[in-house]
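The next block is entry.cif, given as mmCIF, C-alpha atoms and all ligand atoms.
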```cif
data_target
#
loop_
_atom_site.label_atom_id
_atom_site.label_comp_id
_atom_site.auth_asym_id
_atom_site.auth_seq_id
_atom_site.Cartn_x
_atom_site.Cartn_y
_atom_site.Cartn_z
CA MET A 1410 142.33 -4.62 152.05
CA SER A 1411 140.51 -5.27 148.74
CA LEU A 1412 138.16 -7.85 150.32
CA ARG A 1413 136.38 -5.23 152.40
CA TYR A 1414 135.94 -3.02 149.34
CA ARG A 1415 133.65 -5.66 147.84
CA ILE A 1416 130.87 -4.63 150.17
CA ARG A 1417 129.72 -1.24 148.94
CA GLY A 1418 128.83 0.51 152.16
CA ILE A 1419 131.90 -0.77 153.96
CA ARG A 1420 134.09 0.28 151.04
CA LYS A 1421 132.86 3.85 151.33
CA VAL A 1422 133.34 3.91 155.08
CA SER A 1423 136.83 2.43 154.98
CA LEU A 1424 137.83 4.81 152.20
CA SER A 1425 136.79 7.83 154.17
CA VAL A 1426 138.47 6.47 157.32
CA ASP A 1427 141.69 5.87 155.34
CA ASN A 1428 141.49 9.37 153.91
CA MET A 1429 140.80 10.89 157.30
CA LEU A 1430 143.73 9.07 158.95
CA PHE A 1431 146.03 9.88 156.06
CA ASN A 1432 145.16 13.56 156.14
CA LEU A 1433 145.61 13.67 159.90
CA LEU A 1434 149.02 12.02 159.62
CA TRP A 1435 150.26 14.12 156.72
CA ARG A 1436 148.47 17.46 157.17
CA ARG A 1437 151.44 19.10 158.86
CA LYS A 1438 153.89 18.08 156.20
CA LEU A 1439 151.73 18.44 153.11
CA GLY A 1440 149.32 21.13 154.21
CA VAL A 1441 146.57 20.19 151.76
CA ARG A 1442 143.82 17.63 151.42
CA ILE A 1443 144.66 14.60 149.33
CA LYS A 1444 142.36 11.79 148.30
CA ILE A 1445 143.90 8.35 148.69
CA PHE A 1446 142.75 4.95 147.48
CA GLY A 1447 144.97 2.42 149.25
CA TRP A 1448 148.01 3.62 151.17
CA PRO A 1449 150.81 5.32 149.25
CA ILE A 1450 154.44 5.25 150.35
CA ILE A 1451 155.68 8.78 150.95
CA SER A 1452 159.10 9.56 152.36
CA VAL A 1453 160.46 13.04 152.79
CA TYR A 1454 163.62 14.13 154.61
CA SER A 1455 162.68 16.54 157.36
CA SER A 1456 164.11 19.68 155.75
CA ALA A 1457 163.35 18.62 152.17
CA ASN A 1458 160.51 20.19 150.23
CA LEU A 1459 157.43 18.30 149.13
CA HIS A 1460 154.82 20.74 147.91
CA ILE A 1461 151.45 19.49 146.73
CA GLY A 1462 148.62 21.42 145.08
CA HIS A 1463 144.91 20.90 145.64
CA ASN A 1464 142.97 17.76 144.78
CA LEU A 1465 145.83 15.31 144.39
CA VAL A 1466 144.49 11.78 143.91
CA LEU A 1467 146.76 8.83 144.71
CA ILE A 1468 145.66 5.31 143.76
CA SER A 1469 147.69 2.58 145.40
CA ASP A 1470 145.08 -0.20 145.39
CA ALA A 1471 144.52 -2.09 142.13
CA TYR A 1472 140.76 -2.18 142.78
CA PHE A 1473 140.49 1.52 141.96
CA SER A 1474 142.47 1.60 138.70
CA GLU A 1475 141.05 -0.20 135.65
CA PRO A 1476 144.45 -1.53 134.46
CA GLY A 1477 145.48 -2.17 138.08
CA VAL A 1478 148.61 -0.90 139.80
CA ALA A 1479 151.88 -2.80 140.18
CA HIS A 1480 152.66 -1.29 143.57
CA PRO A 1481 151.56 1.55 145.84
CA VAL A 1482 152.27 5.11 144.74
CA MET A 1483 155.82 6.05 145.76
CA ILE A 1484 156.70 9.65 146.43
CA ARG A 1485 160.22 9.96 147.71
CA VAL A 1486 162.27 13.07 148.30
CA LEU A 1487 165.67 11.41 148.51
CA ASN A 1488 167.77 13.90 150.46
CA THR A 1489 167.53 17.02 152.60
CA LYS A 1490 168.01 19.46 149.70
CA ALA A 1491 165.79 17.75 147.15
CA GLU A 1492 162.30 18.82 146.26
CA ILE A 1493 159.15 17.61 144.58
CA LEU A 1494 156.60 20.20 143.53
CA ILE A 1495 153.22 18.87 142.40
CA GLY A 1496 150.58 21.19 140.90
CA HIS A 1497 146.81 21.18 141.30
CA ASP A 1498 144.49 18.38 140.16
CA VAL A 1499 147.16 15.75 139.59
CA GLY A 1500 146.34 12.03 139.55
CA ILE A 1501 148.86 9.24 140.16
CA SER A 1502 148.03 5.50 139.97
CA GLY A 1503 150.80 3.17 141.16
CA GLY A 1504 154.18 4.40 139.93
CA GLY A 1505 155.32 7.67 141.40
CA ILE A 1506 158.06 10.24 141.71
CA CYS A 1507 161.60 10.16 143.11
CA ALA A 1508 163.70 13.31 143.42
CA ALA A 1509 167.35 13.61 144.38
CA GLU A 1510 167.35 17.24 143.21
CA LYS A 1511 164.09 18.52 141.78
CA VAL A 1512 160.99 17.19 140.07
CA VAL A 1513 158.23 19.59 139.08
CA ILE A 1514 154.82 18.29 138.01
CA GLY A 1515 152.41 20.83 136.48
CA ASP A 1516 148.66 21.21 136.96
CA ASN A 1517 146.18 18.63 135.65
CA VAL A 1518 148.87 16.03 134.99
CA MET A 1519 147.67 12.42 134.67
CA PHE A 1520 149.96 9.53 135.51
CA GLY A 1521 148.65 6.38 133.80
CA ALA A 1522 148.97 3.20 135.83
CA ASN A 1523 152.54 2.68 137.04
CA ALA A 1524 154.02 5.72 135.27
CA PHE A 1525 157.17 6.79 137.05
CA VAL A 1526 159.26 9.97 137.05
CA THR A 1527 162.78 10.18 138.43
CA ASP A 1528 165.58 12.75 138.30
CA THR A 1529 168.32 10.31 139.30
CA ASP A 1530 169.98 7.08 138.16
CA PHE A 1531 170.04 6.01 141.85
CA HIS A 1532 173.49 4.42 141.40
CA PRO A 1533 176.80 5.61 139.90
CA MET A 1534 177.98 4.55 136.44
CA ASP A 1535 181.56 3.86 137.58
CA GLY A 1536 183.26 1.32 139.84
CA ILE A 1537 181.35 -1.05 142.11
CA ARG A 1538 177.76 0.21 141.90
CA ARG A 1539 176.12 -1.97 144.47
CA TYR A 1540 175.33 -0.17 147.74
CA ARG A 1541 176.85 3.10 146.42
CA GLN A 1542 174.76 6.20 145.91
CA ASP A 1543 177.60 8.71 145.50
CA ASN A 1544 178.60 10.16 142.14
CA MET A 1545 175.29 9.22 140.55
CA LYS A 1546 173.91 11.29 137.69
CA ILE A 1547 171.11 13.63 138.72
CA ALA A 1548 169.27 16.25 136.62
CA PRO A 1549 165.97 18.01 137.35
CA VAL A 1550 162.77 16.94 135.61
CA LYS A 1551 159.82 19.09 134.66
CA ILE A 1552 156.44 17.79 133.49
CA GLY A 1553 154.28 20.58 132.01
CA ASN A 1554 150.62 21.33 132.63
CA ASN A 1555 148.00 18.93 131.31
CA VAL A 1556 150.52 16.24 130.36
CA PHE A 1557 149.23 12.67 130.09
CA LEU A 1558 151.77 9.94 130.88
CA GLY A 1559 150.42 6.63 129.54
CA MET A 1560 150.60 3.52 131.64
CA ASN A 1561 154.07 2.15 132.45
CA VAL A 1562 155.82 5.26 131.15
CA LEU A 1563 159.25 5.99 132.59
CA VAL A 1564 160.53 9.56 132.57
CA LEU A 1565 164.25 9.72 133.30
CA LYS A 1566 166.62 12.39 134.63
CA GLY A 1567 166.97 15.77 132.94
CA VAL A 1568 163.77 15.56 130.91
CA THR A 1569 161.30 18.39 130.32
CA ILE A 1570 157.91 17.58 128.81
CA GLY A 1571 156.00 20.56 127.41
CA ASP A 1572 152.39 21.44 128.23
CA ASN A 1573 149.54 19.31 126.86
CA SER A 1574 151.75 16.54 125.51
CA ILE A 1575 150.90 12.83 125.67
CA ILE A 1576 153.49 10.13 126.25
CA ALA A 1577 152.39 6.79 124.81
CA ALA A 1578 152.02 3.75 127.03
CA GLY A 1579 155.21 1.90 127.86
CA SER A 1580 157.56 4.65 126.64
CA VAL A 1581 160.89 5.57 128.15
CA VAL A 1582 161.49 9.31 127.91
CA THR A 1583 165.20 10.18 127.91
CA THR A 1584 165.18 13.58 126.16
CA ASP A 1585 163.01 16.69 126.23
CA MET A 1586 159.63 16.58 124.51
CA PRO A 1587 157.98 19.78 123.26
CA ALA A 1588 154.52 21.02 124.13
CA ASN A 1589 151.44 19.77 122.25
CA CYS A 1590 152.80 16.52 120.86
CA ILE A 1591 152.27 12.79 121.15
CA ALA A 1592 155.56 11.03 121.81
CA GLY A 1593 156.30 7.38 122.35
CA GLY A 1594 158.68 4.46 122.11
CA ILE A 1595 161.97 3.48 123.68
CA PRO A 1596 163.56 5.96 123.65
CA ALA A 1597 160.53 8.21 123.13
CA ARG A 1598 160.35 10.16 119.85
CA ILE A 1599 157.72 12.59 118.62
CA LEU A 1600 154.96 10.58 116.89
CA ARG A 1601 152.83 13.56 115.87
CA ARG A 1602 151.90 17.10 116.80
CA LEU A 1603 148.59 17.87 118.45
C1 LIG A 1701 149.68 7.56 122.51
C2 LIG A 1701 148.28 7.10 122.14
C3 LIG A 1701 147.27 8.01 122.84
C4 LIG A 1701 148.18 7.24 120.64
O1 LIG A 1701 146.90 6.82 120.22
P1 LIG A 1701 146.41 7.18 118.72
O2 LIG A 1701 146.35 8.66 118.54
O3 LIG A 1701 145.17 6.41 118.49
O4 LIG A 1701 147.60 6.73 117.82
P2 LIG A 1701 147.73 5.44 116.90
O5 LIG A 1701 147.37 4.20 117.63
O6 LIG A 1701 147.01 5.77 115.62
O7 LIG A 1701 149.29 5.41 116.62
C5 LIG A 1701 149.95 6.50 116.01
C6 LIG A 1701 151.40 6.11 115.88
O8 LIG A 1701 151.97 6.04 117.18
C7 LIG A 1701 152.54 4.74 117.41
N1 LIG A 1701 152.26 4.38 118.81
C8 LIG A 1701 151.08 4.35 119.43
N2 LIG A 1701 151.23 3.96 120.72
C9 LIG A 1701 152.55 3.73 120.90
C10 LIG A 1701 153.33 3.31 121.99
N3 LIG A 1701 152.76 3.04 123.16
N4 LIG A 1701 154.65 3.22 121.84
C11 LIG A 1701 155.22 3.48 120.66
N5 LIG A 1701 154.54 3.90 119.57
C12 LIG A 1701 153.22 4.01 119.69
C13 LIG A 1701 151.80 3.83 116.46
O9 LIG A 1701 152.58 2.70 116.15
C14 LIG A 1701 151.62 4.74 115.26
O10 LIG A 1701 152.83 4.78 114.54
P3 LIG A 1701 152.83 4.90 112.92
O11 LIG A 1701 152.15 6.22 112.61
O12 LIG A 1701 154.28 4.85 112.56
O13 LIG A 1701 152.04 3.73 112.44
C15 LIG A 1701 148.01 5.63 122.59
O14 LIG A 1701 148.78 4.75 121.78
C16 LIG A 1701 148.42 5.42 124.04
O15 LIG A 1701 149.56 5.06 124.36
N6 LIG A 1701 147.48 5.64 124.94
C17 LIG A 1701 147.75 5.58 126.38
C18 LIG A 1701 146.72 4.73 127.07
C19 LIG A 1701 147.02 4.69 128.53
O16 LIG A 1701 148.11 4.37 128.95
N7 LIG A 1701 146.04 5.05 129.36
C20 LIG A 1701 146.22 5.15 130.80
C21 LIG A 1701 145.63 3.97 131.47
S1 LIG A 1701 145.82 4.12 133.20
#
```

Represent the supplied structure as structure tokens.
Amino acid sequence: MSLRYRIRGIRKVSLSVDNMLFNLLWRRKLGVRIKIFGWPIISVYSSANLHIGHNLVLISDAYFSEPGVAHPVMIRVLNTKAEILIGHDVGISGGGICAAEKVVIGDNVMFGANAFVTDTDFHPMDGIRRYRQDNMKIAPVKIGNNVFLGMNVLVLKGVTIGDNSIIAAGSVVTTDMPANCIAGGIPARILRRL
């Protein structure tokens, strides 16, 4: 796909065709206009809830993200009762969101390249883990308004990040972070207040 983007005019045309097709395909489910750069992977169980605010931008093609993206944006609502609620003016490059219960993303949230948010461990801690998805730990995640997740950040189950906070590149967030702070590291700790 990236080859055709090298020719300016064609890039513009193919982008708008991709966006048009995407919006046609997803309009019923998502109900709003989304701008896509490369095709994201979105899977939602039929009765599950994926709610998206206005002006969501999804970058799944490395051409359109300066640091590149490791894979297409993934948005997966993992079962019929789970939900993902995304606010207005959110941008996601590579990375994505998986919810087995609930993930809430506020307004104006920026996902740096490959930043990922999940509310589940995907597999249980006990017994034979391979192929099993029962008894896994799940806890809702909430990302506040105007949060900036640096590139390659991983936000794990049960975490709340307060409004305006910045999570440094490459961090793994395992516990709540307050509003108006910079946090980072593995596991992430508060580095300073804003
Ligand atoms: C978080 C960030 C904004 C901080 O930048 P800054 O305000 O200039 O901070 P500094 O570089 O002065 O570092 C302040 C402290 O945080 C630490 N720190 C900075 N980045 C860190 C990281 N990614 N992980 C762990 N600690 C980090 C520094 O070691 C320093 O610690 P010290 O005070 O003990 O010496 C920046 O490091 C960052 O991660 N930017 C994200 C860039 C990005 O991912 N963009 C998206 C591209 S798509």

- Do you know which residues are at most 9 Å from A:Asp1528 counting only C-alpha atoms, after dropping those on the same chain fewer than 4 positions away, and could you put them as a ChimeraX atom specification? /A:1506-1512,1546-1550,1564-1568

- Site check for ligand LIG 1701 (chain A): residues at most 10 Å away, all atoms listed in the file, as an MDAnalysis selection string: chainID A and resid 1474:1478 1501:1503 1519:1524 1557:1562 1574:1581 1590:1601 1603

- Message: I'd like the interatomic distance between atom CA of A:Leu1487 and atom CA of A:Met1534, to a tenth of an Å.
- Response: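 Computing it gives 18.6 Å between the two atoms.
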
- Can you work out the spacing between atom CA of A:Leu1465 and atom CA of A:Thr1569 in Å, to one decimal? 21.1 Å

- Query: Smallest atom-to-atom distance to A:Ile1514: which of A:Arg1541, A:His1497, A:Lys1421, A:Lys1444, using all atoms listed in the file?
  - Reply: A:His1497

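Among the candidates A:Ile1461, A:Ile1493, A:Leu1424, A:Leu1433, the one nearest to A:Ile1445 when counting all atoms listed in the file is A:Leu1424.
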
- Message: Env of A:Gly1447: 8 Å cut, atoms = only C-alpha atoms, seq-sep filter 4 positions within chain, self excluded. Answer as a ChimeraX atom specification.
- Response: /A:1427,1468-1470,1481

For the selection just defined, write its residues with C-alpha atoms to a file, as a PDB file, in the frame of the given file.
```pdb
ATOM      1  CA  ASP A1427     141.690   5.870 155.340  1.00  0.00           C
ATOM      2  CA  ILE A1468     145.660   5.310 143.760  1.00  0.00           C
ATOM      3  CA  SER A1469     147.690   2.580 145.400  1.00  0.00           C
ATOM      4  CA  ASP A1470     145.080  -0.200 145.390  1.00  0.00           C
ATOM      5  CA  PRO A1481     151.560   1.550 145.840  1.00  0.00           C
TER       6      PRO A1481
END
```

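Distances here use all atoms listed in the file; by that measure, the residue among A:Asn1458, A:Ser1423, A:Thr1527, A:Thr1584 closest to A:Leu1494 is A:Asn1458.
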
- Give the answer as one residue: which of A:Thr1489, A:Val1513, A:Ser1452, A:Arg1420 has the shortest atom-to-atom distance to A:Tyr1472, using only C-alpha atoms?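 Among A:Thr1489, A:Val1513, A:Ser1452, A:Arg1420, it is A:Arg1420 that comes nearest to A:Tyr1472.
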
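Taking atom CA of A:Phe1446 and atom CA of A:Asp1498 as the two end points, the separation is 15.4 Å.
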
- Could you please give me, as a VMD selection string, the residues of protein, DNA or RNA lying at most 8 Å from (144.3, 16.7, 140.6) in the coordinate frame of the file, considering all atoms listed in the file? chain A and resid 1462 to 1466 1496 to 1500 1516 to 1518

- Query: What's the 8 Å shell around A:Gly1515, counting only C-alpha atoms, without same-chain residues fewer than 6 positions away, as a list in words?
  - Reply: Ile1495, Gly1496, His1497, Val1499, Lys1551, Ile1552, Gly1553, Asn1554, Asn1555 and Val1556 of chain A

- Query: Of the residues A:Met1545, A:Leu1459, A:Ile1443, A:Val1453, which is the one nearest to A:Asn1428, using all atoms listed in the file?
  - Reply: A:Ile1443

Can you tell me, as a PDB file with C-alpha atoms, in the frame of the given file, which residues sit within 7 Å of (152.8, 8.4, 150.2) in the file's frame, using all atoms listed in the file?
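Writing done, so here's selection_19.pdb:
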```
ATOM      1  CA  TRP A1448     148.010   3.620 151.170  1.00  0.00           C
ATOM      2  CA  PRO A1449     150.810   5.320 149.250  1.00  0.00           C
ATOM      3  CA  ILE A1450     154.440   5.250 150.350  1.00  0.00           C
ATOM      4  CA  ILE A1451     155.680   8.780 150.950  1.00  0.00           C
ATOM      5  CA  SER A1452     159.100   9.560 152.360  1.00  0.00           C
ATOM      6  CA  VAL A1482     152.270   5.110 144.740  1.00  0.00           C
ATOM      7  CA  MET A1483     155.820   6.050 145.760  1.00  0.00           C
ATOM      8  CA  ILE A1484     156.700   9.650 146.430  1.00  0.00           C
TER       9      ILE A1484
END
```
